[in-house]
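Here's target_21.txt, which has compact mmCIF, C-alpha atoms:
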```
# COMPACT_ATOMS: atom_id res chain seq x y z
CA MET A 1 85.25 134.36 123.09
CA LEU A 2 85.77 131.02 121.37
CA THR A 3 86.27 129.25 124.70
CA ALA A 4 83.17 130.88 126.17
CA SER A 5 81.12 129.91 123.10
CA ILE A 6 82.24 126.27 123.37
CA PHE A 7 81.29 126.15 127.09
CA LEU A 8 77.91 127.68 126.22
CA LEU A 9 77.35 125.08 123.47
CA PHE A 10 78.01 122.18 125.86
CA TYR A 11 75.85 123.77 128.52
CA LEU A 12 72.93 124.06 126.11
CA ILE A 13 73.42 120.47 124.89
CA TYR A 14 73.21 118.99 128.39
CA ASN A 15 70.68 121.37 129.97
CA THR A 16 68.27 122.51 127.25
CA ASP A 17 66.37 121.36 124.20
CA LEU A 18 66.91 124.51 122.18
CA THR A 19 67.89 122.90 118.90
CA MET A 20 67.84 126.03 116.78
CA THR A 21 69.96 127.88 119.32
CA LEU A 22 72.46 125.05 119.28
CA PHE A 23 72.79 125.33 115.50
CA LEU A 24 73.26 129.10 115.70
CA ILE A 25 75.89 128.84 118.41
CA GLY A 26 77.64 126.01 116.50
CA GLY A 27 77.72 128.18 113.37
CA PHE A 28 79.00 131.11 115.39
CA ILE A 29 81.79 128.86 116.78
CA GLY A 30 82.70 127.78 113.20
CA ILE A 31 82.92 131.42 112.13
CA GLN A 32 85.16 132.17 115.13
CA ILE A 33 87.44 129.20 114.31
CA PHE A 34 87.69 130.35 110.68
CA ALA A 35 88.47 133.93 111.77
CA PHE A 36 91.05 132.66 114.26
CA ILE A 37 92.78 130.52 111.59
CA HIS A 38 92.68 133.44 109.16
CA TYR A 39 94.17 135.70 111.84
CA ILE A 40 97.07 133.33 112.48
CA ASP A 41 97.55 132.64 108.77
CA ARG A 42 97.72 136.36 107.99
CA THR A 43 100.35 136.80 110.66
CA ASN A 44 102.37 133.96 109.15
CA ARG A 45 102.01 135.44 105.68
CA ILE A 46 103.26 138.83 106.86
CA LEU A 47 106.20 137.18 108.61
CA ASN A 48 106.89 135.01 105.54
CA ASN A 49 106.85 138.06 103.24
CA PHE A 50 109.29 139.81 105.56
CA LEU A 51 111.70 136.85 105.60
CA GLU A 52 111.47 136.46 101.81
CA SER A 53 112.29 140.16 101.40
CA ILE A 54 115.46 139.59 103.40
CA ARG A 55 116.30 136.34 101.63
CA TYR A 56 115.96 137.78 98.12
CA SER A 57 117.22 141.27 99.06
CA ASP A 58 113.91 142.77 97.97
CA PHE A 59 113.72 145.87 100.13
CA THR A 60 111.11 147.68 98.05
CA ARG A 61 108.19 146.27 100.03
CA THR A 62 106.34 148.04 102.82
CA PHE A 63 103.92 146.40 105.28
CA HIS A 64 100.43 147.85 105.85
CA VAL A 65 98.21 146.24 108.49
CA GLU A 66 94.95 148.04 109.29
CA GLY A 67 92.42 147.29 111.98
CA GLU A 68 94.26 144.35 113.53
CA GLY A 69 95.08 145.89 116.87
CA SER A 70 98.03 147.59 118.50
CA SER A 71 100.27 144.46 118.39
CA PHE A 72 99.97 144.30 114.60
CA GLU A 73 100.68 148.01 114.40
CA LYS A 74 103.91 147.49 116.35
CA LEU A 75 104.81 144.50 114.18
CA LYS A 76 104.19 146.56 111.04
CA ASN A 77 106.33 149.41 112.34
CA SER A 78 109.13 147.03 113.36
CA PHE A 79 109.12 145.32 109.96
CA ASN A 80 109.19 148.64 108.10
CA GLU A 81 112.04 149.92 110.28
CA VAL A 82 114.08 146.78 109.61
CA ILE A 83 113.40 147.09 105.85
CA LYS A 84 114.47 150.74 105.99
CA ASP A 85 117.72 149.79 107.74
CA PHE A 86 118.39 147.12 105.11
CA GLN A 87 117.72 149.67 102.36
CA GLU A 88 120.26 152.05 103.86
CA VAL A 89 122.86 149.29 104.24
CA ARG A 90 122.25 148.13 100.67
CA ALA A 91 122.46 151.67 99.31
CA GLU A 92 125.74 152.22 101.16
CA LYS A 93 127.06 148.90 99.86
CA GLU A 94 126.11 149.79 96.28
CA GLU A 95 127.72 153.23 96.64
CA ASN A 96 130.93 151.65 97.93
CA PHE A 97 130.86 149.10 95.09
CA TYR A 98 130.32 151.85 92.51
CA TYR A 99 133.13 153.87 94.09
CA LEU A 100 135.47 150.87 93.98
CA GLN A 101 134.54 150.14 90.36
CA THR A 102 135.20 153.78 89.41
CA VAL A 103 138.61 153.69 91.08
CA ILE A 104 139.52 150.38 89.41
CA GLN A 105 138.46 151.62 85.98
CA HIS A 106 140.39 154.86 86.47
CA ILE A 107 143.67 153.14 87.40
CA GLY A 108 146.18 153.25 84.55
CA ILE A 109 147.61 149.81 85.39
CA ALA A 110 145.93 146.74 83.90
CA LEU A 111 144.10 144.63 86.52
CA ILE A 112 142.70 141.12 86.00
CA ALA A 113 140.96 138.99 88.65
CA PHE A 114 140.40 135.37 87.62
CA GLN A 115 139.71 131.94 89.09
CA LYS A 116 141.93 128.88 88.91
CA ASP A 117 140.28 127.74 85.66
CA GLY A 118 140.98 131.13 84.07
CA LYS A 119 137.44 132.49 84.32
CA VAL A 120 137.74 136.26 84.53
CA GLU A 121 135.77 138.02 87.26
CA LEU A 122 137.07 141.56 86.84
CA ILE A 123 139.04 143.64 84.33
CA ASN A 124 139.48 147.38 84.00
CA ASN A 125 139.73 149.75 81.05
CA ALA A 126 143.54 149.70 81.17
CA THR A 127 143.44 145.93 80.57
CA LYS A 128 141.14 146.33 77.57
CA LYS A 129 143.42 149.03 76.18
CA LEU A 130 146.63 147.07 76.74
CA PHE A 131 145.37 143.84 75.16
CA GLN A 132 143.01 145.51 72.65
CA VAL A 133 139.89 143.59 73.75
CA ARG A 134 136.34 144.68 74.49
CA ASN A 135 135.51 141.83 76.84
CA LEU A 136 137.50 139.02 78.40
CA SER A 137 135.75 135.95 79.76
CA ASN A 138 138.81 133.73 80.19
CA VAL A 139 142.53 134.53 80.29
CA GLN A 140 143.07 131.72 77.76
CA ALA A 141 141.74 134.18 75.17
CA LEU A 142 145.02 136.12 75.56
CA ASN A 143 147.02 133.30 73.96
CA SER A 144 146.92 135.20 70.67
CA PHE A 145 148.62 138.12 72.44
CA SER A 146 151.30 136.12 74.26
CA GLN A 147 151.22 132.43 75.13
CA GLU A 148 154.17 132.88 77.48
CA MET A 149 152.26 135.52 79.44
CA VAL A 150 149.16 133.29 79.76
CA GLU A 151 151.28 130.40 81.04
CA LYS A 152 152.85 132.74 83.57
CA LEU A 153 149.44 133.99 84.73
CA PHE A 154 148.42 130.43 85.59
CA SER A 155 151.71 129.55 87.30
CA ILE A 156 152.48 132.78 89.14
CA LYS A 157 152.44 132.52 92.95
CA HIS A 158 151.04 134.84 95.59
CA GLY A 159 153.27 137.87 96.09
CA GLU A 160 155.45 137.00 93.09
CA ASN A 161 156.34 139.46 90.35
CA THR A 162 157.92 138.75 87.00
CA LEU A 163 158.90 140.45 83.74
CA ILE A 164 157.58 139.26 80.38
CA LYS A 165 158.88 140.53 77.02
CA VAL A 166 156.27 140.64 74.26
CA GLN A 167 157.21 141.56 70.69
CA GLU A 168 154.18 142.88 68.88
CA LYS A 169 154.31 143.47 65.14
CA ASP A 170 155.11 147.18 65.52
CA ASN A 171 155.91 147.48 69.18
CA LEU A 172 157.97 145.99 71.99
CA LEU A 173 156.35 145.56 75.40
CA GLN A 174 158.11 144.87 78.68
CA LEU A 175 155.32 143.71 80.99
CA VAL A 176 155.86 143.49 84.73
CA ILE A 177 153.29 141.22 86.42
CA TYR A 178 152.50 141.18 90.14
CA ALA A 179 150.05 138.69 91.66
CA THR A 180 148.12 138.26 94.88
CA GLU A 181 145.60 135.56 95.91
CA PHE A 182 142.54 135.64 98.14
CA ARG A 183 139.43 133.55 98.79
CA ILE A 184 135.77 134.58 98.43
CA HIS A 185 132.95 132.09 99.11
CA ASN A 186 135.21 129.06 98.68
CA ARG A 187 136.62 130.47 95.42
CA THR A 188 140.33 131.18 95.04
CA ILE A 189 140.79 134.43 93.14
CA THR A 190 144.10 135.56 91.63
CA LEU A 191 144.44 139.31 91.15
CA VAL A 192 147.28 140.40 88.86
CA SER A 193 148.46 143.84 87.90
CA ILE A 194 150.20 144.22 84.54
CA LYS A 195 152.15 147.30 83.49
CA ASN A 196 154.20 148.05 80.40
CA ILE A 197 157.48 149.52 81.66
CA GLN A 198 159.27 149.61 78.30
CA GLN A 199 159.42 153.40 78.28
CA GLU A 200 160.60 153.56 81.90
CA LEU A 201 163.35 151.02 81.16
CA GLU A 202 164.47 153.01 78.13
CA GLU A 203 164.52 156.22 80.16
CA LYS A 204 166.60 154.65 82.93
CA GLU A 205 168.95 153.11 80.38
CA MET A 206 169.38 156.44 78.59
CA GLU A 207 169.92 158.28 81.89
CA SER A 208 172.63 155.77 82.83
CA TRP A 209 174.37 156.21 79.49
CA GLN A 210 174.17 159.99 79.80
CA LYS A 211 175.74 159.93 83.24
CA LEU A 212 178.50 157.67 81.97
CA ILE A 213 179.11 159.84 78.89
CA ARG A 214 179.23 163.03 80.98
CA VAL A 215 181.84 161.52 83.31
CA LEU A 216 183.93 160.06 80.48
CA THR A 217 183.84 163.17 78.28
CA HIS A 218 184.67 165.41 81.22
CA GLU A 219 187.71 163.35 82.19
CA ILE A 220 188.87 162.89 78.59
CA MET A 221 188.50 166.60 77.82
CA ASN A 222 190.45 167.55 80.95
CA SER A 223 193.28 165.22 79.92
CA ILE A 224 193.41 165.85 76.16
CA THR A 225 192.99 169.64 76.03
CA PRO A 226 196.35 170.40 77.75
CA ILE A 227 198.09 167.83 75.52
CA SER A 228 196.65 169.45 72.38
CA SER A 229 197.64 172.93 73.57
CA LEU A 230 201.15 171.91 74.65
CA SER A 231 201.83 169.94 71.47
CA SER A 232 200.83 172.96 69.39
CA THR A 233 203.03 175.28 71.47
CA VAL A 234 206.06 172.93 71.33
CA THR A 235 205.61 172.55 67.56
CA LEU A 236 205.86 176.31 67.12
CA ILE A 237 208.96 176.44 69.37
CA ILE A 238 210.69 173.68 67.40
CA LYS A 239 209.78 175.33 64.13
CA ASP A 240 211.43 178.60 65.28
CA LEU A 241 214.43 176.66 66.56
CA MET A 242 214.86 174.89 63.20
CA GLU A 243 214.76 178.21 61.33
CA ASN A 244 217.45 179.63 63.65
CA LEU A 245 219.65 176.56 63.17
CA ARG A 246 219.35 176.78 59.39
CA ALA A 247 220.22 180.50 59.55
CA GLN A 248 223.32 179.69 61.63
CA GLY A 249 224.40 176.98 59.22
CA VAL A 250 224.19 174.17 61.80
CA GLY A 251 224.60 170.62 60.48
CA THR A 252 221.67 168.80 58.91
CA ASP A 253 221.65 166.00 61.53
CA GLU A 254 220.37 168.32 64.23
CA VAL A 255 217.79 169.80 61.86
CA ASP A 256 216.65 166.34 60.74
CA THR A 257 216.23 165.28 64.37
CA LEU A 258 214.10 168.35 65.07
CA GLU A 259 212.03 167.66 61.95
CA GLU A 260 211.29 164.16 63.25
CA VAL A 261 210.27 165.63 66.60
CA GLU A 262 208.07 168.17 64.79
CA THR A 263 206.41 165.39 62.77
CA ALA A 264 205.76 163.42 65.96
CA LEU A 265 204.26 166.48 67.64
CA LYS A 266 202.04 167.17 64.63
CA THR A 267 200.82 163.57 64.80
CA ILE A 268 200.08 163.94 68.53
CA HIS A 269 198.26 167.21 67.87
CA LYS A 270 196.24 165.68 65.04
CA ARG A 271 195.20 162.70 67.17
CA THR A 272 194.28 164.88 70.13
CA ASP A 273 192.13 167.04 67.84
CA GLY A 274 190.52 163.87 66.53
CA LEU A 275 189.82 162.71 70.06
CA LEU A 276 188.39 166.11 70.98
CA HIS A 277 186.07 165.93 67.98
CA PHE A 278 185.13 162.36 68.95
CA VAL A 279 184.31 163.42 72.52
CA ASN A 280 182.33 166.47 71.36
CA THR A 281 180.29 164.21 69.10
CA TYR A 282 179.25 162.00 72.00
CA ARG A 283 178.55 164.96 74.22
CA ASN A 284 175.63 165.66 71.87
CA LEU A 285 173.79 162.80 73.57
CA THR A 286 173.58 164.90 76.72
CA LYS A 287 172.89 168.24 75.02
CA ILE A 288 169.74 167.65 72.98
CA PRO A 289 167.59 170.82 73.19
CA ASN A 290 164.07 170.62 74.57
CA PRO A 291 161.53 170.07 71.77
CA ASN A 292 159.84 173.14 70.33
CA PHE A 293 156.38 171.68 69.73
CA SER A 294 154.29 172.72 66.77
CA ILE A 295 151.55 171.10 64.67
CA PHE A 296 152.59 170.03 61.17
CA ARG A 297 151.36 167.69 58.45
CA VAL A 298 153.11 164.33 58.22
CA ARG A 299 152.72 164.42 54.42
CA GLN A 300 154.85 167.57 54.26
CA LEU A 301 157.52 166.02 56.51
CA PHE A 302 157.81 162.91 54.32
CA SER A 303 157.84 165.04 51.14
CA ASN A 304 160.76 167.12 52.44
CA ILE A 305 162.75 164.00 53.24
CA ASN A 306 161.91 162.45 49.88
CA HIS A 307 163.17 165.56 48.04
CA LEU A 308 166.35 165.54 50.14
CA PHE A 309 167.30 162.00 49.07
CA GLU A 310 165.64 161.98 45.65
CA GLU A 311 168.85 162.16 43.58
CA GLU A 312 170.73 159.60 45.67
CA ILE A 313 167.79 157.19 45.60
CA LYS A 314 167.42 157.46 41.83
CA SER A 315 171.15 157.01 41.23
CA LYS A 316 171.11 153.77 43.24
CA ASN A 317 167.90 152.39 41.63
CA ILE A 318 166.00 152.39 44.92
CA ARG A 319 162.22 152.60 44.97
CA CYS A 320 160.71 154.83 47.65
CA ASP A 321 157.05 154.36 48.64
CA ILE A 322 155.15 156.73 50.92
CA ARG A 323 151.89 155.73 52.57
CA ILE A 324 149.98 157.94 55.02
CA GLU A 325 146.58 157.04 56.47
CA PRO A 326 144.76 159.36 56.72
CA GLU A 327 146.34 161.75 54.25
CA SER A 328 145.47 164.73 56.46
CA MET A 329 147.34 163.31 59.49
CA GLU A 330 148.95 165.98 61.68
CA LEU A 331 151.49 165.61 64.47
CA SER A 332 152.34 167.82 67.42
CA ALA A 333 156.12 167.62 67.83
CA ASP A 334 159.39 169.39 67.09
CA GLU A 335 159.43 169.12 63.29
CA HIS A 336 163.19 169.66 62.96
CA LEU A 337 164.11 167.02 65.55
CA ILE A 338 161.69 164.44 64.14
CA GLU A 339 162.95 165.22 60.63
CA GLN A 340 166.50 164.55 61.82
CA VAL A 341 165.42 161.16 63.22
CA ILE A 342 163.73 160.15 59.94
CA ILE A 343 166.73 161.36 57.92
CA ASN A 344 169.06 159.22 60.02
CA LEU A 345 166.83 156.16 59.56
CA VAL A 346 166.52 156.73 55.80
CA LYS A 347 170.32 157.03 55.52
CA ASN A 348 170.66 153.68 57.28
CA ALA A 349 168.03 152.17 55.00
CA ILE A 350 169.80 153.44 51.86
CA HIS A 351 173.07 151.97 53.12
CA ALA A 352 171.32 148.65 53.78
CA VAL A 353 169.63 148.25 50.35
CA THR A 354 172.42 149.65 48.14
CA GLY A 355 173.37 147.10 45.51
CA ARG A 356 170.36 144.82 46.09
CA GLU A 357 167.85 143.91 43.41
CA ASP A 358 164.36 145.39 43.83
CA ALA A 359 165.73 147.69 46.53
CA CYS A 360 162.83 149.44 48.25
CA ILE A 361 162.36 151.87 51.12
CA ARG A 362 158.91 152.57 52.56
CA LEU A 363 157.80 155.49 54.71
CA ASN A 364 154.55 154.69 56.54
CA ALA A 365 152.39 156.74 58.88
CA TYR A 366 149.12 155.64 60.46
CA MET A 367 147.11 155.45 63.69
CA ASN A 368 147.69 152.20 65.55
CA SER A 369 145.05 150.20 67.39
CA ARG A 370 145.78 152.13 70.61
CA GLY A 371 145.04 155.46 68.92
CA ARG A 372 148.66 156.59 68.69
CA ILE A 373 150.43 158.09 65.69
CA VAL A 374 153.02 155.73 64.24
CA MET A 375 155.75 156.41 61.66
CA GLN A 376 157.84 153.67 60.09
CA VAL A 377 160.95 153.43 57.94
CA VAL A 378 161.03 150.01 56.29
CA ASP A 379 163.63 148.53 53.94
CA ASN A 380 164.14 145.15 52.28
CA GLY A 381 167.84 144.97 53.01
CA PRO A 382 169.77 142.04 54.51
CA GLY A 383 168.26 142.71 57.93
CA ILE A 384 169.71 142.76 61.42
CA LEU A 385 170.63 139.60 63.30
CA PRO A 386 168.72 139.00 66.56
CA ASN A 387 171.83 139.25 68.74
CA VAL A 388 172.63 142.62 67.13
CA LEU A 389 169.05 143.95 67.15
CA ASP A 390 169.01 144.23 70.94
CA ARG A 391 172.09 146.48 70.89
CA VAL A 392 171.45 148.90 68.02
CA PHE A 393 170.24 151.65 70.39
CA ILE A 394 173.26 151.38 72.70
CA PRO A 395 175.58 154.40 72.44
CA PHE A 396 178.92 153.69 70.66
CA PHE A 397 177.56 150.46 69.13
CA THR A 398 177.66 150.37 65.32
CA THR A 399 177.92 147.85 62.50
CA LYS A 400 179.25 150.41 59.99
CA PRO A 401 183.04 150.69 59.46
CA GLN A 402 182.84 154.49 59.60
CA GLY A 403 179.87 154.74 61.99
CA SER A 404 179.95 156.69 65.25
CA GLY A 405 177.28 154.65 67.05
CA ILE A 406 175.24 157.62 68.24
CA GLY A 407 172.63 158.06 65.47
CA LEU A 408 170.06 155.61 66.84
CA SER A 409 170.88 156.59 70.43
CA LEU A 410 170.15 160.22 69.54
CA SER A 411 166.92 159.12 67.85
CA ARG A 412 165.76 157.27 70.97
CA GLN A 413 166.65 160.28 73.12
CA ILE A 414 164.64 162.60 70.83
CA LEU A 415 161.62 160.27 70.94
CA ARG A 416 161.90 160.06 74.73
CA LEU A 417 161.75 163.86 74.95
CA HIS A 418 158.54 163.65 72.91
CA GLY A 419 157.04 161.07 75.25
CA GLY A 420 157.29 158.41 72.53
CA THR A 421 159.30 155.31 71.71
CA ILE A 422 161.38 153.93 68.84
CA ASN A 423 161.69 150.20 68.24
CA ALA A 424 163.43 147.99 65.71
CA TYR A 425 162.07 144.83 64.11
CA SER A 426 163.92 142.75 61.55
CA GLU A 427 163.52 139.56 59.56
CA PRO A 428 166.89 138.76 57.92
CA GLU A 429 166.81 138.88 54.13
CA LYS A 430 163.19 140.09 54.22
CA GLU A 431 162.71 143.46 55.90
CA THR A 432 163.93 145.76 58.62
CA LYS A 433 161.48 148.11 60.26
CA PHE A 434 162.06 151.04 62.60
CA THR A 435 158.87 152.21 64.29
CA LEU A 436 158.34 155.60 65.93
CA THR A 437 155.31 155.68 68.23
CA PHE A 438 154.10 159.03 69.59
```
For the file at hand, write its structure as structure tokens.
Amino acid sequence: MLTASIFLLFYLIYNTDLTMTLFLIGGFIGIQIFAFIHYIDRTNRILNNFLESIRYSDFTRTFHVEGEGSSFEKLKNSFNEVIKDFQEVRAEKEENFYYLQTVIQHIGIALIAFQKDGKVELINNATKKLFQVRNLSNVQALNSFSQEMVEKLFSIKHGENTLIKVQEKDNLLQLVIYATEFRIHNRTITLVSIKNIQQELEEKEMESWQKLIRVLTHEIMNSITPISSLSSTVTLIIKDLMENLRAQGVGTDEVDTLEEVETALKTIHKRTDGLLHFVNTYRNLTKIPNPNFSIFRVRQLFSNINHLFEEEIKSKNIRCDIRIEPESMELSADEHLIEQVIINLVKNAIHAVTGREDACIRLNAYMNSRGRIVMQVVDNGPGILPNVLDRVFIPFFTTKPQGSGIGLSLSRQILRLHGGTINAYSEPEKETKFTLTF
């Protein structure tokens, strides 16, 4: 139409003198040019809006084009179909992302993803719980928890795993760290998993000791029992023989010789009985009954123990402080077994502070920052040297002249059956603290 109008305009200019008609046709051509430009511009705007929707991931738009012809109708339908496909892809992507986030947050192992400069891109709830943080923007913020661990996080290589020992104030953590690296948009990301395996290590250690004790006690019992029985039998035979010799008036030399033999046999019998008692004592490590769980007040438990040692503590001028927060704290455990553990620790504490000025024993109970019930037996005795502290829970190990070396091992075994842990912390000449965490 525009082309025809232009030809008509030139025809009228060269072949007629219709001035008014020329102006009308010229105006009509101007209107057609404006409409044509507007038509093209609207098409460009629609296309631009479509491309911007894709660029900025804005898939909430829909395209409505009315009265522009069948080609625009097809364009509109095509655009809307593409937008719909993008919406479905985006929804699926968001669902997968939400699913992945849910899985990551549900995992009980601490996960941290961070860049080379330490900027954290992802952490899960287990990480927040382990390090007691609400948010973590940079792994450098964990220096207050363990500087050695932070240094290891920055130096650890792809596929490497390592073990870090962290001594908290009331707890010992054995952290195993595994790392992997990957790249996203020219960024190198290090993903590390961190798990506290202190309880697993203690369980494996205790299982190994139990197996060893079972084998040793079995072999020792098989060897000593016949010796004890035979020595007792031979002693009786010699005793009868000596009475017969005395009745027959036999010389004293033979009787004296038999008396020496009898004395030797009695010594053998006494030592074998002592060894049998020794072996039976250590067999207790493998025969702890399963806990009979019940709910009881911690205040009552501490009061019973305080009454049990009240006279001994007073006679030795030892101060005993009890602190429970909250006062109404209750524990689900085997009260008798836990009481035995506390009694053993209090006995050790009394032995440690006896004869010291301002001797003091403290019994504490509270909820720690991880929401677990904690009991402590603290004394201000001479303390335990670092090279000894690592071995106090080993069966047979003791620093007491008359100690058996199974008290603390039994305590750890009892706590393990309760799903808890027992740890020792000591500052020589200041305090020694045994912590039970349930």
Go through stretch 144-189 of chain A residue by residue and, counting all atoms listed in the file, keep those with an atom at most 10 Å from stretch 109-132 of chain A; for each kept residue give the shortest atom pair and its distance in Å to one decimal, ordered by chain and increasing number, as a Markdown table.
```
| residue | atom | partner | partner_atom | distance |
| --- | --- | --- | --- | --- |
| A:Ser144 | CA | A:Phe131 | CA | 9.9 |
| A:Phe145 | CA | A:Phe131 | CA | 7.1 |
| A:Ser146 | CA | A:Phe131 | CA | 9.8 |
| A:Val150 | CA | A:Gly118 | CA | 9.5 |
| A:Leu153 | CA | A:Gly118 | CA | 9.0 |
| A:Phe154 | CA | A:Lys116 | CA | 7.5 |
| A:Ser155 | CA | A:Lys116 | CA | 9.9 |
| A:Leu173 | CA | A:Leu130 | CA | 9.9 |
| A:Ile177 | CA | A:Ala110 | CA | 9.5 |
| A:Tyr178 | CA | A:Leu111 | CA | 9.8 |
| A:Ala179 | CA | A:Ala113 | CA | 9.6 |
| A:Thr180 | CA | A:Ala113 | CA | 9.5 |
| A:Glu181 | CA | A:Ala113 | CA | 9.3 |
| A:Arg183 | CA | A:Gln115 | CA | 9.8 |
| A:Arg187 | CA | A:Gln115 | CA | 7.2 |
| A:Thr188 | CA | A:Gln115 | CA | 6.0 |
| A:Ile189 | CA | A:Gln115 | CA | 4.9 |
```
Written selection (C-alpha atoms) as a CSV table (one decimal), in the frame of the given file:
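Saved file result.csv follows:
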```csv
chain,number,residue,atom,x,y,z
A,144,SER,CA,146.9,135.2,70.7
A,145,PHE,CA,148.6,138.1,72.4
A,146,SER,CA,151.3,136.1,74.3
A,150,VAL,CA,149.2,133.3,79.8
A,153,LEU,CA,149.4,134.0,84.7
A,154,PHE,CA,148.4,130.4,85.6
A,155,SER,CA,151.7,129.6,87.3
A,173,LEU,CA,156.4,145.6,75.4
A,177,ILE,CA,153.3,141.2,86.4
A,178,TYR,CA,152.5,141.2,90.1
A,179,ALA,CA,150.0,138.7,91.7
A,180,THR,CA,148.1,138.3,94.9
A,181,GLU,CA,145.6,135.6,95.9
A,183,ARG,CA,139.4,133.6,98.8
A,187,ARG,CA,136.6,130.5,95.4
A,188,THR,CA,140.3,131.2,95.0
A,189,ILE,CA,140.8,134.4,93.1
```
Correct to one decimal, the distance atom CA of A:Thr43-atom CA of A:Phe79 is 12.2 Å
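Of note, atom CA of A:Lys430 and atom CA of A:Ser315 are spaced 22.8 Å apart.
Of note, atom CA of A:His185 and atom CA of A:Ser137 are spaced 19.9 Å apart.
Comparing the minimum interatomic distances between A:Ile33 and each of A:Thr3, A:Thr272, A:Asn48, A:Thr16, counting all atoms listed in the file, we find that A:Thr3 sits nearest.
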Got a sec: who's within 8 Å of A:His418, counting only C-alpha atoms, leaving out chain neighbours fewer than 5 positions off, as a PyMOL selection string?
-> chain A and resi 291+333+438
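Contact shell of A:Thr432 at 12 Å (all atoms listed in the file; same-chain neighbours under 5 positions omitted): A:Lys169, A:Asp170, A:Leu345, A:Val346, A:Asn348, A:Ala349, A:Ile350, A:Ala352, A:Val353, A:Cys360, A:Ile361, A:Arg362, A:Gln376, A:Val377, A:Val378, A:Asp379, A:Asn380, A:Gly381, A:Pro382, A:Gly383, A:Ile384, A:Leu385, A:Pro386, A:Leu389, A:Asn423, A:Ala424, A:Tyr425, A:Ser426, A:Glu427.
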Restrict the selected residues to C-alpha atoms and save them as a compact mmCIF listing (two decimals), in the frame of the given file.
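And here's out13.txt as it stands now:
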```txt
# COMPACT_ATOMS: atom_id res chain seq x y z
CA LYS A 169 154.31 143.47 65.14
CA ASP A 170 155.11 147.18 65.52
CA LEU A 345 166.83 156.16 59.56
CA VAL A 346 166.52 156.73 55.80
CA ASN A 348 170.66 153.68 57.28
CA ALA A 349 168.03 152.17 55.00
CA ILE A 350 169.80 153.44 51.86
CA ALA A 352 171.32 148.65 53.78
CA VAL A 353 169.63 148.25 50.35
CA CYS A 360 162.83 149.44 48.25
CA ILE A 361 162.36 151.87 51.12
CA ARG A 362 158.91 152.57 52.56
CA GLN A 376 157.84 153.67 60.09
CA VAL A 377 160.95 153.43 57.94
CA VAL A 378 161.03 150.01 56.29
CA ASP A 379 163.63 148.53 53.94
CA ASN A 380 164.14 145.15 52.28
CA GLY A 381 167.84 144.97 53.01
CA PRO A 382 169.77 142.04 54.51
CA GLY A 383 168.26 142.71 57.93
CA ILE A 384 169.71 142.76 61.42
CA LEU A 385 170.63 139.60 63.30
CA PRO A 386 168.72 139.00 66.56
CA LEU A 389 169.05 143.95 67.15
CA ASN A 423 161.69 150.20 68.24
CA ALA A 424 163.43 147.99 65.71
CA TYR A 425 162.07 144.83 64.11
CA SER A 426 163.92 142.75 61.55
CA GLU A 427 163.52 139.56 59.56
```
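When all atoms listed in the file are used to compute distances to A:Ile338, the closest of the residues A:His307, A:Arg323, A:Lys316, A:Arg416 turns out to be A:Arg416.
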For A:Glu330, which of A:Val234, A:Met375, A:Ile6, A:Val89 is the closest residue, counting only C-alpha atoms?
-> A:Met375
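For the residues A:Leu9, A:Ala264, A:Leu191, A:Leu172, ranking by smallest atom-to-atom distance to A:Leu436 using only C-alpha atoms places A:Leu172 first.
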